[in-house]
Protein chains: 2
Amino acid sequence: MKVISILGSTGSIGCNTLKVVEHLQDVCVVALGAGKNIEKLAQQIAQFNPEFVSCEDEICAENLLEELHKLRVKTPKIELGEKGLIEVATHEQAQTVVSATVGAIGFVPTLRALEAGKRVALANKETLVMAGELMTKAARENKAEILPVDSEHNALHQCLRGESKREVKRLILTASGGPFRNKSKQEIENATREEALNHPTWNMGDKITIDCATLMNKGLEVIEARWLFDFAADAISVVVHPQSVVHSLVEMVDGSIIAQLGVTDMKHAIQYALTYPTRKPNCLPPLDFAKLAQLTFEEPNLDKFPCLTLAYKALKTGGTMPATLNAANEIAVQAFLDDKIRLSDVPKIIESVMNEHESRTISSLEIILETDAQARKQAIMKLESLEKTASANLR
Amino acid sequence: MKVISILGSTGSIGCNTLKVVEHLQDVCVVALGAGKNIEKLAQQIAQFNPEFVSCEDEICAENLLEELHKLRVKTPKIELGEKGLIEVATHEQAQTVVSATVGAIGFVPTLRALEAGKRVALANKETLVMAGELMTKAARENKAEILPVDSEHNALHQCLRGESKREVKRLILTASGGPFRNKSKQEIENATREEALNHPTWNMGDKITIDCATLMNKGLEVIEARWLFDFAADAISVVVHPQSVVHSLVEMVDGSIIAQLGVTDMKHAIQYALTYPTRKPNCLPPLDFAKLAQLTFEEPNLDKFPCLTLAYKALKTGGTMPATLNAANEIAVQAFLDDKIRLSDVPKIIESVMNEHESRTISSLEIILETDAQARKQAIMKLESLEKTASANLR
């Protein structure tokens with residue numbers, strides 16, 4: 001029996017992880033970390049019977065007790081906020097921790113899981129973007145393994161099985177190109193929230209879906225790949241592949257390219273990370289070759305999607321710059337989701353926060369947290385000045 | 001310094017092997033086995049200075065001496081025919097033997113190389129088709145390794161690196177579909193020699209190019225894959241992929257598909273087989289993703305290409321049936337190349353020879369050789385009766 005805990009159990013990856021657990025049968029869930037979605041958390045407790053859960057705050061905890069009472073379910077130990085998430089991440093019995101919170105909230109708990117020597121199935125890419133150096137150092141020093149759940153990195157992990165790192169020429173991440181691949185710069189500028197949330201091939205959470213629309217998601221993935229696989233920025237490329245069938249590719253020094261193909265369902269990568277190095281039959285339909293018909297590839301348009309360029313720039317600058325990019329992006333995306341700014345304002349805000357940031361070496365956790373807080377503050381200031389300009393323009 | 005010998009040095013694979021040797025620089029050639037192409041053999045001797053060579057017969061040997069004299073090149077030891085090829089295959093100093101003769105002639109020498117414990121870089125697929133059981137047994141018993149040079153099997157070998165055999169669901173061989181993929185059954189029936197030799201993506205020898213036009217090549221490859229990787233016929237599929245960019249794929253039990261992509265140049269697979277498990281930079285241009293544009297996949301049309309069905313049938317029957325298929329195919333293809341029969345007669349001749357053959361267990365080399373001789377005789381008889389019918393129809 002494998003024992004796992006989940007950070008972000010009520011999100012898209014969290015729910016899919018529990019479906020995989022249901023299918024695998026030899027995996028049990030000892031701890032669940034959630035935020036505010038108490039109804040779903042209560043259902044998960046009823047079905048998976050964890051010893052320990054975490055939710056956002058006191059009010060959530062009270063609601064949870066009430067829900068569990070209604071469902072006549074035994075109450076697990078409950079803890080709150082980041083402290084609770086850290087307990088989920090370091091639960092003594094958990095061998096694998098699925099890190100699936102969205103954004104920076106998963107950062108410290110994931111670091112603690114690695115320090116505790118857990119295998120981390122990592123879906124929270126912001127963690128590596130913010131502090132890849134700290135995370136990979138913690139993993140190395142504590143013999144903890146990071147298994148990527150992001151479909152692209154999971155694909156790279158599969159392509160690299162049996163290959164020697166020094167015989168790899170470059171990693172090639174595929175990007176669907178998002179909903180605006182064939183739109184003009186102006187159409188992207190005026191895109192609505194609904195248009196941006198309409199991803200052509202993947203069904204995911206809101207924040208990541210907007211990141212796909214701006215190609216920032218691919219930028220974050222480039223940074224993630226740098227840390228997961230230890231390659232320089234120049235050895236990581238992006239190719240647009242709208243069908244999302246080829247999940248990523250690796251080019252070897254002899255020109256050979258190894259690719260991983262599959263259905264667009266996160267359950268595949270989740271199961272791979274839970275069962276690695278073993279592969280087990282899963283509950284997904286096989287990829288239908290007759291239906292593949294055609295796969296296309298094209299270069300990403302950096303003019304239409306400046307976020308990708310910003311991410312490469314942050315990676316090349318190094319230090320705290322990627323954490324700055326990530327924080328500014330989170331604020332800007334949330335503002336777009338709240339209908340406060342236009343989609344084209346997202347890269348503008350990020351770029352201006354990055355321009356004012358002087359990158360520092362990451363020597364401790366505190367530096368990251370400071371950088372993160374500072375960049376958020378800066379981004380909010382940029383937002384406010386944008387709003388002022390907008391309302392001045394309206395008058 | 002790696003030491004190799006080459007069976008079939010003046011053919012397409014042989015010449016490409018020597019180009020790879022030229023590029024690698026840490027490989028030397030100790031023995032070359034050729035047939036009648038004496039001029040080319042002489043040039044190869046002048047450039048690579050082997051200790052030992054083999055050519056078809058006395059006349060060839062005399063011509064070779066003359067050529068070498070003209071080129072003022074030191075004469076290596078010369079031997080003739082199959083005896084000579086066996087000496088090439090078992091040369092004491094050779095660690096790797098490239099088996100690249102076309103058709104059944106390479107059969108015994110390749111078996112001897114395996115018995116001598118050599119690594120065999122195998123391009124001669126007929127060898128495994130005729131006697132996969134004997135070959136793989138000899139490899140096992142003598143700790144000899146078979147590295148496939150056929151691009152599809154080489155791709156499968158690459159896809160299977162780091163994977164466990166029992167986690168593989170099926171092997172998927174890609175087929176370009178040949179020059180007649182979009183032609184009607186009647187157009188195929190009336191195809192000329194020139195049309196059949198006009199392969200859309202690969203530049204190869206005549207016999208294999210005709211096998212591509214009938215899809216028999218893919219059928220032989222299915223049988224070859226069965227022996228190289230030890231999978232049942234039902235776990236080996238064929239998908240038509242006209243661009244020949246994806247060289248083959250492996251579907252895992254978890255639905256993941258691992259694919260190998262590359263340029264359509266045999267030098268890639270040859271170098272892989274010579275340097276395995278190491279990968280080294282090669283002399284080929286990289287695959288240009290921007291130029292890939294689109295990759296398509298479709299099911300093979302078994303009605304238009306009955307040879308593929310015949311090959312599966314031979315594999316499922318087992319014993320000496322694949323050797324019968326192979327021998328009848330060689331005779332029929334040569335007859336087509338000699339303008340004696342139509343392309344659509346090729347599967348007819350093979351099927352009728354197979355129908356009259358009672359499959360036997362392969363307990364010895366002699367049984368294979370007998371089967372081969374018998375099937376050729378039968379095929380020639382079928383040819384003659386076809387010719388009689390044709391000339392009767394003309395009267």
# chains A, B, ... in the order shown; residues from 1 in each chain; ligands from 1
>>> residues_around(residues="segment 83-95 of chain A", least_positions_apart="2", cutoff="9 Å", atoms="only C-alpha atoms", output="VMD selection string")
chain A and resid 2 to 8 29 to 34 52 to 56 78 to 81 97 to 99 106 108 to 120
>>> interface_residues(of="chain B", to="chain A", cutoff="7 Å", atoms="only C-alpha atoms", output="compact mmCIF listing (two decimals) with N, CA, C and O atoms, in the first residue's frame")
# COMPACT_ATOMS: atom_id res chain seq x y z
N ARG B 161 14.30 2.06 -24.64
CA ARG B 161 15.37 2.34 -23.66
C ARG B 161 14.72 2.75 -22.34
O ARG B 161 13.91 3.65 -22.31
N GLY B 162 15.10 2.12 -21.27
CA GLY B 162 14.59 2.53 -19.97
C GLY B 162 13.17 2.05 -19.69
O GLY B 162 12.60 2.38 -18.66
N GLU B 167 5.70 -3.83 -19.46
CA GLU B 167 4.85 -2.64 -19.40
C GLU B 167 4.55 -2.08 -20.78
O GLU B 167 3.97 -1.02 -20.93
N VAL B 253 1.53 0.27 -21.26
CA VAL B 253 0.27 -0.17 -20.63
C VAL B 253 -0.52 0.99 -20.04
O VAL B 253 -1.74 0.90 -19.88
N ASP B 254 0.16 2.09 -19.72
CA ASP B 254 -0.56 3.24 -19.16
C ASP B 254 -1.06 4.19 -20.25
O ASP B 254 -1.48 5.30 -19.95
N GLY B 255 -1.02 3.75 -21.49
CA GLY B 255 -1.56 4.55 -22.59
C GLY B 255 -0.58 5.55 -23.15
O GLY B 255 -0.83 6.17 -24.18
N SER B 256 0.55 5.71 -22.49
CA SER B 256 1.57 6.64 -22.97
C SER B 256 2.18 6.08 -24.24
O SER B 256 2.39 4.87 -24.36
N ILE B 257 2.47 6.97 -25.18
CA ILE B 257 3.13 6.53 -26.40
C ILE B 257 4.47 7.24 -26.53
O ILE B 257 4.55 8.46 -26.42
N ILE B 258 5.52 6.45 -26.69
CA ILE B 258 6.86 7.00 -26.87
C ILE B 258 7.21 6.84 -28.35
O ILE B 258 7.05 5.75 -28.91
N ALA B 259 7.65 7.93 -28.96
CA ALA B 259 7.95 7.90 -30.39
C ALA B 259 9.37 8.36 -30.64
O ALA B 259 9.93 9.11 -29.86
N GLN B 260 9.94 7.88 -31.75
CA GLN B 260 11.25 8.40 -32.15
C GLN B 260 11.07 9.08 -33.50
O GLN B 260 10.46 8.54 -34.41
N LEU B 261 11.58 10.30 -33.58
CA LEU B 261 11.49 11.09 -34.81
C LEU B 261 12.91 11.39 -35.29
O LEU B 261 13.83 11.49 -34.47
N GLY B 262 13.06 11.56 -36.58
CA GLY B 262 14.38 11.91 -37.09
C GLY B 262 14.35 12.14 -38.58
O GLY B 262 13.31 11.98 -39.23
N ARG B 279 25.38 7.75 -27.45
CA ARG B 279 24.93 8.49 -28.62
C ARG B 279 26.00 9.54 -28.92
O ARG B 279 26.48 10.20 -28.02
N LYS B 280 26.35 9.68 -30.19
CA LYS B 280 27.37 10.67 -30.55
C LYS B 280 26.82 11.62 -31.61
O LYS B 280 25.96 11.23 -32.40
N PRO B 281 27.32 12.85 -31.64
CA PRO B 281 26.90 13.77 -32.70
C PRO B 281 27.15 13.11 -34.05
O PRO B 281 28.12 12.36 -34.20
N ASN B 282 26.28 13.35 -35.01
CA ASN B 282 26.52 12.77 -36.33
C ASN B 282 26.61 13.84 -37.39
O ASN B 282 26.60 15.04 -37.09
N PRO B 286 19.97 18.56 -38.48
CA PRO B 286 18.92 18.25 -37.50
C PRO B 286 17.54 18.30 -38.16
O PRO B 286 17.37 18.90 -39.22
N PHE B 289 11.96 21.54 -37.17
CA PHE B 289 10.59 21.54 -36.70
C PHE B 289 9.69 22.48 -37.47
O PHE B 289 8.52 22.19 -37.72
N ALA B 290 10.23 23.63 -37.83
CA ALA B 290 9.43 24.60 -38.57
C ALA B 290 9.00 23.98 -39.89
O ALA B 290 7.89 24.21 -40.37
N LEU B 292 8.53 20.80 -40.38
CA LEU B 292 7.70 19.60 -40.19
C LEU B 292 6.27 19.89 -40.63
O LEU B 292 5.65 19.10 -41.28
N ALA B 293 5.82 21.11 -40.21
CA ALA B 293 4.48 21.57 -40.59
C ALA B 293 3.41 20.58 -40.17
O ALA B 293 2.69 20.82 -39.21
N GLN B 294 3.31 19.43 -40.84
CA GLN B 294 2.29 18.50 -40.36
C GLN B 294 2.67 17.04 -40.54
O GLN B 294 3.33 16.67 -41.48
N LEU B 295 2.24 16.27 -39.58
CA LEU B 295 2.46 14.83 -39.59
C LEU B 295 1.09 14.16 -39.63
O LEU B 295 0.20 14.53 -38.87
N THR B 296 0.92 13.22 -40.53
CA THR B 296 -0.39 12.55 -40.61
C THR B 296 -0.25 11.05 -40.38
O THR B 296 0.82 10.47 -40.57
N PHE B 297 -1.34 10.46 -39.95
CA PHE B 297 -1.38 9.03 -39.64
C PHE B 297 -2.67 8.43 -40.18
O PHE B 297 -3.72 9.07 -40.10
N GLU B 298 -2.60 7.26 -40.73
CA GLU B 298 -3.82 6.59 -41.20
C GLU B 298 -3.63 5.07 -41.15
O GLU B 298 -2.50 4.58 -41.11
N GLU B 299 -4.75 4.35 -41.15
CA GLU B 299 -4.67 2.89 -41.14
C GLU B 299 -4.19 2.39 -42.50
O GLU B 299 -4.54 2.96 -43.53
>>> residues_around(residues="Leu220 of chain A", least_positions_apart="4", cutoff="10 Å", atoms="only C-alpha atoms", output="PyMOL selection string")
chain A and resi 125-126+128-130+211+215-216+224-226+307-308+310-312+314-315+322+325-326
>>> write_last_selection(atoms="N, CA and C atoms", output="PDB file, in the first residue's frame")
ATOM      1  N   LYS A 125       3.789  24.436 -10.451  1.00  0.00           N
ATOM      2  CA  LYS A 125       5.025  24.843 -11.121  1.00  0.00           C
ATOM      3  C   LYS A 125       5.619  26.106 -10.528  1.00  0.00           C
ATOM      4  N   GLU A 126       4.763  26.956  -9.901  1.00  0.00           N
ATOM      5  CA  GLU A 126       5.258  28.204  -9.328  1.00  0.00           C
ATOM      6  C   GLU A 126       6.358  27.940  -8.299  1.00  0.00           C
ATOM      7  N   LEU A 128       8.777  25.758  -8.379  1.00  0.00           N
ATOM      8  CA  LEU A 128      10.101  25.688  -9.004  1.00  0.00           C
ATOM      9  C   LEU A 128      10.475  27.007  -9.648  1.00  0.00           C
ATOM     10  N   VAL A 129       9.468  27.733 -10.127  1.00  0.00           N
ATOM     11  CA  VAL A 129       9.755  29.020 -10.755  1.00  0.00           C
ATOM     12  C   VAL A 129      10.310  29.987  -9.714  1.00  0.00           C
ATOM     13  N   MET A 130       9.685  30.006  -8.550  1.00  0.00           N
ATOM     14  CA  MET A 130      10.101  30.914  -7.487  1.00  0.00           C
ATOM     15  C   MET A 130      11.462  30.541  -6.919  1.00  0.00           C
ATOM     16  N   ASP A 211      -2.869  31.728 -18.046  1.00  0.00           N
ATOM     17  CA  ASP A 211      -1.444  31.624 -18.368  1.00  0.00           C
ATOM     18  C   ASP A 211      -1.219  30.956 -19.725  1.00  0.00           C
ATOM     19  N   LEU A 215       0.606  32.565 -23.059  1.00  0.00           N
ATOM     20  CA  LEU A 215       1.836  31.748 -23.199  1.00  0.00           C
ATOM     21  C   LEU A 215       2.765  31.872 -21.985  1.00  0.00           C
ATOM     22  N   MET A 216       2.337  32.621 -20.940  1.00  0.00           N
ATOM     23  CA  MET A 216       3.152  32.664 -19.723  1.00  0.00           C
ATOM     24  C   MET A 216       3.289  31.255 -19.141  1.00  0.00           C
ATOM     25  N   GLU A 224      10.602  25.923 -15.085  1.00  0.00           N
ATOM     26  CA  GLU A 224      10.404  24.658 -14.357  1.00  0.00           C
ATOM     27  C   GLU A 224      11.327  23.565 -14.911  1.00  0.00           C
ATOM     28  N   ALA A 225      11.386  23.482 -16.243  1.00  0.00           N
ATOM     29  CA  ALA A 225      12.214  22.448 -16.889  1.00  0.00           C
ATOM     30  C   ALA A 225      13.693  22.654 -16.552  1.00  0.00           C
ATOM     31  N   ARG A 226      14.092  23.932 -16.488  1.00  0.00           N
ATOM     32  CA  ARG A 226      15.484  24.229 -16.167  1.00  0.00           C
ATOM     33  C   ARG A 226      15.877  23.568 -14.846  1.00  0.00           C
ATOM     34  N   CYS A 307       4.852  37.394 -23.028  1.00  0.00           N
ATOM     35  CA  CYS A 307       5.111  36.729 -21.744  1.00  0.00           C
ATOM     36  C   CYS A 307       6.197  35.656 -21.857  1.00  0.00           C
ATOM     37  N   LEU A 308       6.238  34.984 -22.995  1.00  0.00           N
ATOM     38  CA  LEU A 308       7.236  33.926 -23.168  1.00  0.00           C
ATOM     39  C   LEU A 308       8.653  34.529 -23.151  1.00  0.00           C
ATOM     40  N   LEU A 310       9.474  37.318 -21.694  1.00  0.00           N
ATOM     41  CA  LEU A 310       9.740  37.774 -20.317  1.00  0.00           C
ATOM     42  C   LEU A 310      10.241  36.619 -19.447  1.00  0.00           C
ATOM     43  N   ALA A 311       9.656  35.453 -19.633  1.00  0.00           N
ATOM     44  CA  ALA A 311      10.057  34.299 -18.817  1.00  0.00           C
ATOM     45  C   ALA A 311      11.495  33.877 -19.124  1.00  0.00           C
ATOM     46  N   TYR A 312      11.845  33.832 -20.412  1.00  0.00           N
ATOM     47  CA  TYR A 312      13.231  33.505 -20.778  1.00  0.00           C
ATOM     48  C   TYR A 312      14.186  34.531 -20.182  1.00  0.00           C
ATOM     49  N   ALA A 314      13.732  36.355 -17.479  1.00  0.00           N
ATOM     50  CA  ALA A 314      13.832  36.137 -16.032  1.00  0.00           C
ATOM     51  C   ALA A 314      14.753  34.959 -15.733  1.00  0.00           C
ATOM     52  N   LEU A 315      14.609  33.893 -16.519  1.00  0.00           N
ATOM     53  CA  LEU A 315      15.439  32.707 -16.295  1.00  0.00           C
ATOM     54  C   LEU A 315      16.913  33.030 -16.523  1.00  0.00           C
ATOM     55  N   PRO A 322      12.972  35.263 -11.538  1.00  0.00           N
ATOM     56  CA  PRO A 322      11.812  34.406 -11.837  1.00  0.00           C
ATOM     57  C   PRO A 322      10.714  34.513 -10.769  1.00  0.00           C
ATOM     58  N   LEU A 325       8.825  37.668 -11.581  1.00  0.00           N
ATOM     59  CA  LEU A 325       7.948  37.403 -12.734  1.00  0.00           C
ATOM     60  C   LEU A 325       6.696  36.671 -12.284  1.00  0.00           C
ATOM     61  N   ASN A 326       6.888  35.628 -11.492  1.00  0.00           N
ATOM     62  CA  ASN A 326       5.778  34.784 -11.064  1.00  0.00           C
ATOM     63  C   ASN A 326       4.768  35.560 -10.217  1.00  0.00           C
TER      64      ASN A 326
END
>>> residues_around(residues="segment 174-188 of chain B", least_positions_apart="3", cutoff="6 Å", atoms="only C-alpha atoms", output="ChimeraX atom specification")
/B:191,199-200,212-213,238-242,244,247-248,304
>>> write_last_selection(atoms="N, CA, C and O atoms", output="PDB file, in the first residue's frame")
ATOM      1  N   ALA B 191       1.152  -0.678 -62.461  1.00  0.00           N
ATOM      2  CA  ALA B 191       2.305   0.179 -62.168  1.00  0.00           C
ATOM      3  C   ALA B 191       3.547  -0.286 -62.909  1.00  0.00           C
ATOM      4  O   ALA B 191       3.801  -1.489 -63.030  1.00  0.00           O
ATOM      5  N   HIS B 199      10.301   5.872 -54.549  1.00  0.00           N
ATOM      6  CA  HIS B 199       9.853   5.954 -53.157  1.00  0.00           C
ATOM      7  C   HIS B 199       9.739   7.406 -52.699  1.00  0.00           C
ATOM      8  O   HIS B 199      10.633   8.204 -52.969  1.00  0.00           O
ATOM      9  N   PRO B 200       8.633   7.738 -51.994  1.00  0.00           N
ATOM     10  CA  PRO B 200       8.417   9.155 -51.641  1.00  0.00           C
ATOM     11  C   PRO B 200       9.404   9.731 -50.631  1.00  0.00           C
ATOM     12  O   PRO B 200       9.671  10.928 -50.661  1.00  0.00           O
ATOM     13  N   CYS B 212       8.576  -1.843 -50.421  1.00  0.00           N
ATOM     14  CA  CYS B 212       7.845  -0.700 -49.849  1.00  0.00           C
ATOM     15  C   CYS B 212       6.592  -0.416 -50.663  1.00  0.00           C
ATOM     16  O   CYS B 212       5.551  -0.057 -50.111  1.00  0.00           O
ATOM     17  N   ALA B 213       6.700  -0.562 -51.958  1.00  0.00           N
ATOM     18  CA  ALA B 213       5.554  -0.274 -52.831  1.00  0.00           C
ATOM     19  C   ALA B 213       4.422  -1.270 -52.605  1.00  0.00           C
ATOM     20  O   ALA B 213       3.250  -0.933 -52.753  1.00  0.00           O
ATOM     21  N   VAL B 238       0.765  -1.648 -37.467  1.00  0.00           N
ATOM     22  CA  VAL B 238       1.341  -0.819 -38.517  1.00  0.00           C
ATOM     23  C   VAL B 238       0.444   0.402 -38.708  1.00  0.00           C
ATOM     24  O   VAL B 238      -0.781   0.270 -38.757  1.00  0.00           O
ATOM     25  N   VAL B 239       1.034   1.576 -38.774  1.00  0.00           N
ATOM     26  CA  VAL B 239       0.262   2.782 -39.069  1.00  0.00           C
ATOM     27  C   VAL B 239       0.957   3.500 -40.233  1.00  0.00           C
ATOM     28  O   VAL B 239       2.193   3.546 -40.295  1.00  0.00           O
ATOM     29  N   VAL B 240       0.160   3.970 -41.174  1.00  0.00           N
ATOM     30  CA  VAL B 240       0.734   4.666 -42.329  1.00  0.00           C
ATOM     31  C   VAL B 240       0.987   6.126 -41.953  1.00  0.00           C
ATOM     32  O   VAL B 240       0.094   6.798 -41.423  1.00  0.00           O
ATOM     33  N   HIS B 241       2.198   6.566 -42.196  1.00  0.00           N
ATOM     34  CA  HIS B 241       2.630   7.919 -41.820  1.00  0.00           C
ATOM     35  C   HIS B 241       3.506   8.427 -42.966  1.00  0.00           C
ATOM     36  O   HIS B 241       4.706   8.192 -42.999  1.00  0.00           O
ATOM     37  N   PRO B 242       2.864   9.065 -43.952  1.00  0.00           N
ATOM     38  CA  PRO B 242       3.535   9.341 -45.233  1.00  0.00           C
ATOM     39  C   PRO B 242       4.782  10.205 -45.129  1.00  0.00           C
ATOM     40  O   PRO B 242       5.635  10.149 -46.015  1.00  0.00           O
ATOM     41  N   SER B 244       7.226  10.000 -43.006  1.00  0.00           N
ATOM     42  CA  SER B 244       8.396   9.244 -42.496  1.00  0.00           C
ATOM     43  C   SER B 244       9.249  10.056 -41.524  1.00  0.00           C
ATOM     44  O   SER B 244      10.474   9.963 -41.528  1.00  0.00           O
ATOM     45  N   HIS B 247       9.591   7.557 -36.817  1.00  0.00           N
ATOM     46  CA  HIS B 247      10.106   6.309 -37.374  1.00  0.00           C
ATOM     47  C   HIS B 247       9.473   5.071 -36.770  1.00  0.00           C
ATOM     48  O   HIS B 247       9.521   4.006 -37.365  1.00  0.00           O
ATOM     49  N   SER B 248       8.936   5.198 -35.595  1.00  0.00           N
ATOM     50  CA  SER B 248       8.079   4.170 -34.994  1.00  0.00           C
ATOM     51  C   SER B 248       7.711   4.606 -33.589  1.00  0.00           C
ATOM     52  O   SER B 248       8.243   5.611 -33.100  1.00  0.00           O
ATOM     53  N   LYS B 304      -5.817  -3.012 -50.739  1.00  0.00           N
ATOM     54  CA  LYS B 304      -4.923  -2.596 -51.817  1.00  0.00           C
ATOM     55  C   LYS B 304      -3.534  -3.225 -51.665  1.00  0.00           C
ATOM     56  O   LYS B 304      -2.802  -3.370 -52.634  1.00  0.00           O
TER      57      LYS B 304
END
>>> atom_distance(atom1="atom CA of Leu134 of chain A", atom2="atom CA of Ser363 of chain A")
8.2 Å
>>> atom_distance(atom1="atom CA of Asn190 of chain B", atom2="atom CA of Arg342 of chain B")
6.6 Å
>>> residues_around(residues="segment 354-361 of chain B", least_positions_apart="5", cutoff="7 Å", atoms="only C-alpha atoms", output="PDB file with N, CA, C and O atoms, in the first residue's frame")
ATOM      1  N   GLY B 319       6.850 -21.326 -37.684  1.00  0.00           N
ATOM      2  CA  GLY B 319       7.712 -22.359 -38.269  1.00  0.00           C
ATOM      3  C   GLY B 319       8.386 -21.848 -39.526  1.00  0.00           C
ATOM      4  O   GLY B 319       8.941 -20.748 -39.541  1.00  0.00           O
ATOM      5  N   THR B 320       8.299 -22.649 -40.600  1.00  0.00           N
ATOM      6  CA  THR B 320       8.978 -22.287 -41.842  1.00  0.00           C
ATOM      7  C   THR B 320       8.149 -21.371 -42.749  1.00  0.00           C
ATOM      8  O   THR B 320       8.587 -21.029 -43.845  1.00  0.00           O
ATOM      9  N   MET B 321       6.927 -20.982 -42.330  1.00  0.00           N
ATOM     10  CA  MET B 321       6.091 -20.180 -43.220  1.00  0.00           C
ATOM     11  C   MET B 321       6.688 -18.802 -43.539  1.00  0.00           C
ATOM     12  O   MET B 321       6.669 -18.381 -44.702  1.00  0.00           O
ATOM     13  N   THR B 324       9.206 -19.158 -46.202  1.00  0.00           N
ATOM     14  CA  THR B 324       8.544 -19.410 -47.489  1.00  0.00           C
ATOM     15  C   THR B 324       8.062 -18.087 -48.094  1.00  0.00           C
ATOM     16  O   THR B 324       8.293 -17.811 -49.279  1.00  0.00           O
ATOM     17  N   LEU B 325       7.399 -17.291 -47.275  1.00  0.00           N
ATOM     18  CA  LEU B 325       6.942 -15.964 -47.709  1.00  0.00           C
ATOM     19  C   LEU B 325       8.116 -15.166 -48.257  1.00  0.00           C
ATOM     20  O   LEU B 325       8.043 -14.564 -49.334  1.00  0.00           O
TER      21      LEU B 325
END
>>> select_by_dssp(residues="segment 52-222 of chain A", states="alpha helix (DSSP H)", output="number ranges by chain")
A: 58-71, 81-89, 107-115, 125-141, 151-159, 185-189, 193-196, 206-214, 216-222
>>> select_by_dssp(residues="segment 7-140 of chain A", states="strand (DSSP E or B)", output="list in words")
Leu7, Val27, Cys28, Val29, Val30, Ala31, Leu32, Gly33, Phe52, Val53, Ser54, Cys55, Lys77, Ile78, Glu79, Leu80, Thr96, Val97, Val98, Ser99, Arg119, Val120, Ala121 and Leu122 of chain A
>>> residues_around(residues="Leu369 of chain B", least_positions_apart="2", cutoff="10 Å", atoms="only C-alpha atoms", output="compact mmCIF listing (two decimals) with N, CA, C and O atoms, in the first residue's frame")
# COMPACT_ATOMS: atom_id res chain seq x y z
N ALA B 104 18.40 -13.40 -48.94
CA ALA B 104 18.75 -14.58 -48.14
C ALA B 104 20.25 -14.85 -48.06
O ALA B 104 20.70 -15.61 -47.20
N PHE B 107 22.09 -14.75 -44.69
CA PHE B 107 21.55 -15.56 -43.63
C PHE B 107 22.61 -16.35 -42.84
O PHE B 107 22.79 -16.15 -41.63
N VAL B 108 23.34 -17.23 -43.52
CA VAL B 108 24.33 -18.06 -42.82
C VAL B 108 25.46 -17.22 -42.21
O VAL B 108 25.79 -17.39 -41.03
N MET B 130 13.47 -15.17 -42.04
CA MET B 130 13.67 -16.59 -42.36
C MET B 130 13.82 -17.42 -41.10
O MET B 130 13.31 -18.52 -41.02
N ALA B 131 14.58 -16.90 -40.17
CA ALA B 131 14.98 -17.77 -39.07
C ALA B 131 15.16 -17.01 -37.78
O ALA B 131 16.17 -17.13 -37.10
N THR B 320 8.30 -22.65 -40.60
CA THR B 320 8.98 -22.29 -41.84
C THR B 320 8.15 -21.37 -42.75
O THR B 320 8.59 -21.03 -43.84
N ALA B 323 9.79 -18.03 -43.78
CA ALA B 323 10.89 -18.24 -44.73
C ALA B 323 10.34 -18.47 -46.12
O ALA B 323 10.91 -18.03 -47.13
N SER B 364 16.56 -26.85 -37.29
CA SER B 364 17.96 -26.73 -37.73
C SER B 364 18.06 -25.76 -38.88
O SER B 364 17.07 -25.42 -39.53
N LEU B 365 19.29 -25.36 -39.14
CA LEU B 365 19.61 -24.49 -40.26
C LEU B 365 19.20 -25.13 -41.58
O LEU B 365 18.70 -24.46 -42.50
N GLU B 366 19.37 -26.47 -41.65
CA GLU B 366 19.10 -27.16 -42.91
C GLU B 366 17.64 -27.01 -43.32
O GLU B 366 17.31 -26.86 -44.50
N ILE B 367 16.76 -27.08 -42.32
CA ILE B 367 15.32 -26.97 -42.62
C ILE B 367 15.02 -25.61 -43.26
O ILE B 367 14.25 -25.53 -44.22
N THR B 371 13.70 -25.11 -46.99
CA THR B 371 12.46 -24.37 -47.19
C THR B 371 12.67 -23.25 -48.19
O THR B 371 11.88 -23.06 -49.12
N ASP B 372 13.78 -22.53 -48.00
CA ASP B 372 14.10 -21.42 -48.89
C ASP B 372 14.22 -21.90 -50.33
O ASP B 372 13.60 -21.35 -51.24
N ALA B 373 15.00 -22.97 -50.53
CA ALA B 373 15.22 -23.49 -51.88
C ALA B 373 13.91 -23.96 -52.50
O ALA B 373 13.59 -23.67 -53.66
N GLN B 374 13.14 -24.67 -51.70
CA GLN B 374 11.87 -25.22 -52.17
C GLN B 374 10.91 -24.10 -52.57
O GLN B 374 10.26 -24.15 -53.63
N ALA B 375 10.83 -23.06 -51.73
CA ALA B 375 9.89 -21.96 -52.00
C ALA B 375 10.30 -21.20 -53.25
O ALA B 375 9.47 -20.77 -54.04
>>> atom_distance(atom1="atom CA of Ser151 of chain B", atom2="atom CA of Phe336 of chain B")
25.4 Å
>>> closest_residue(among="A:Ala42, A:Ala138, A:Val333, A:Ile236", to="Ala196 of chain A", atoms="only C-alpha atoms")
A:Val333
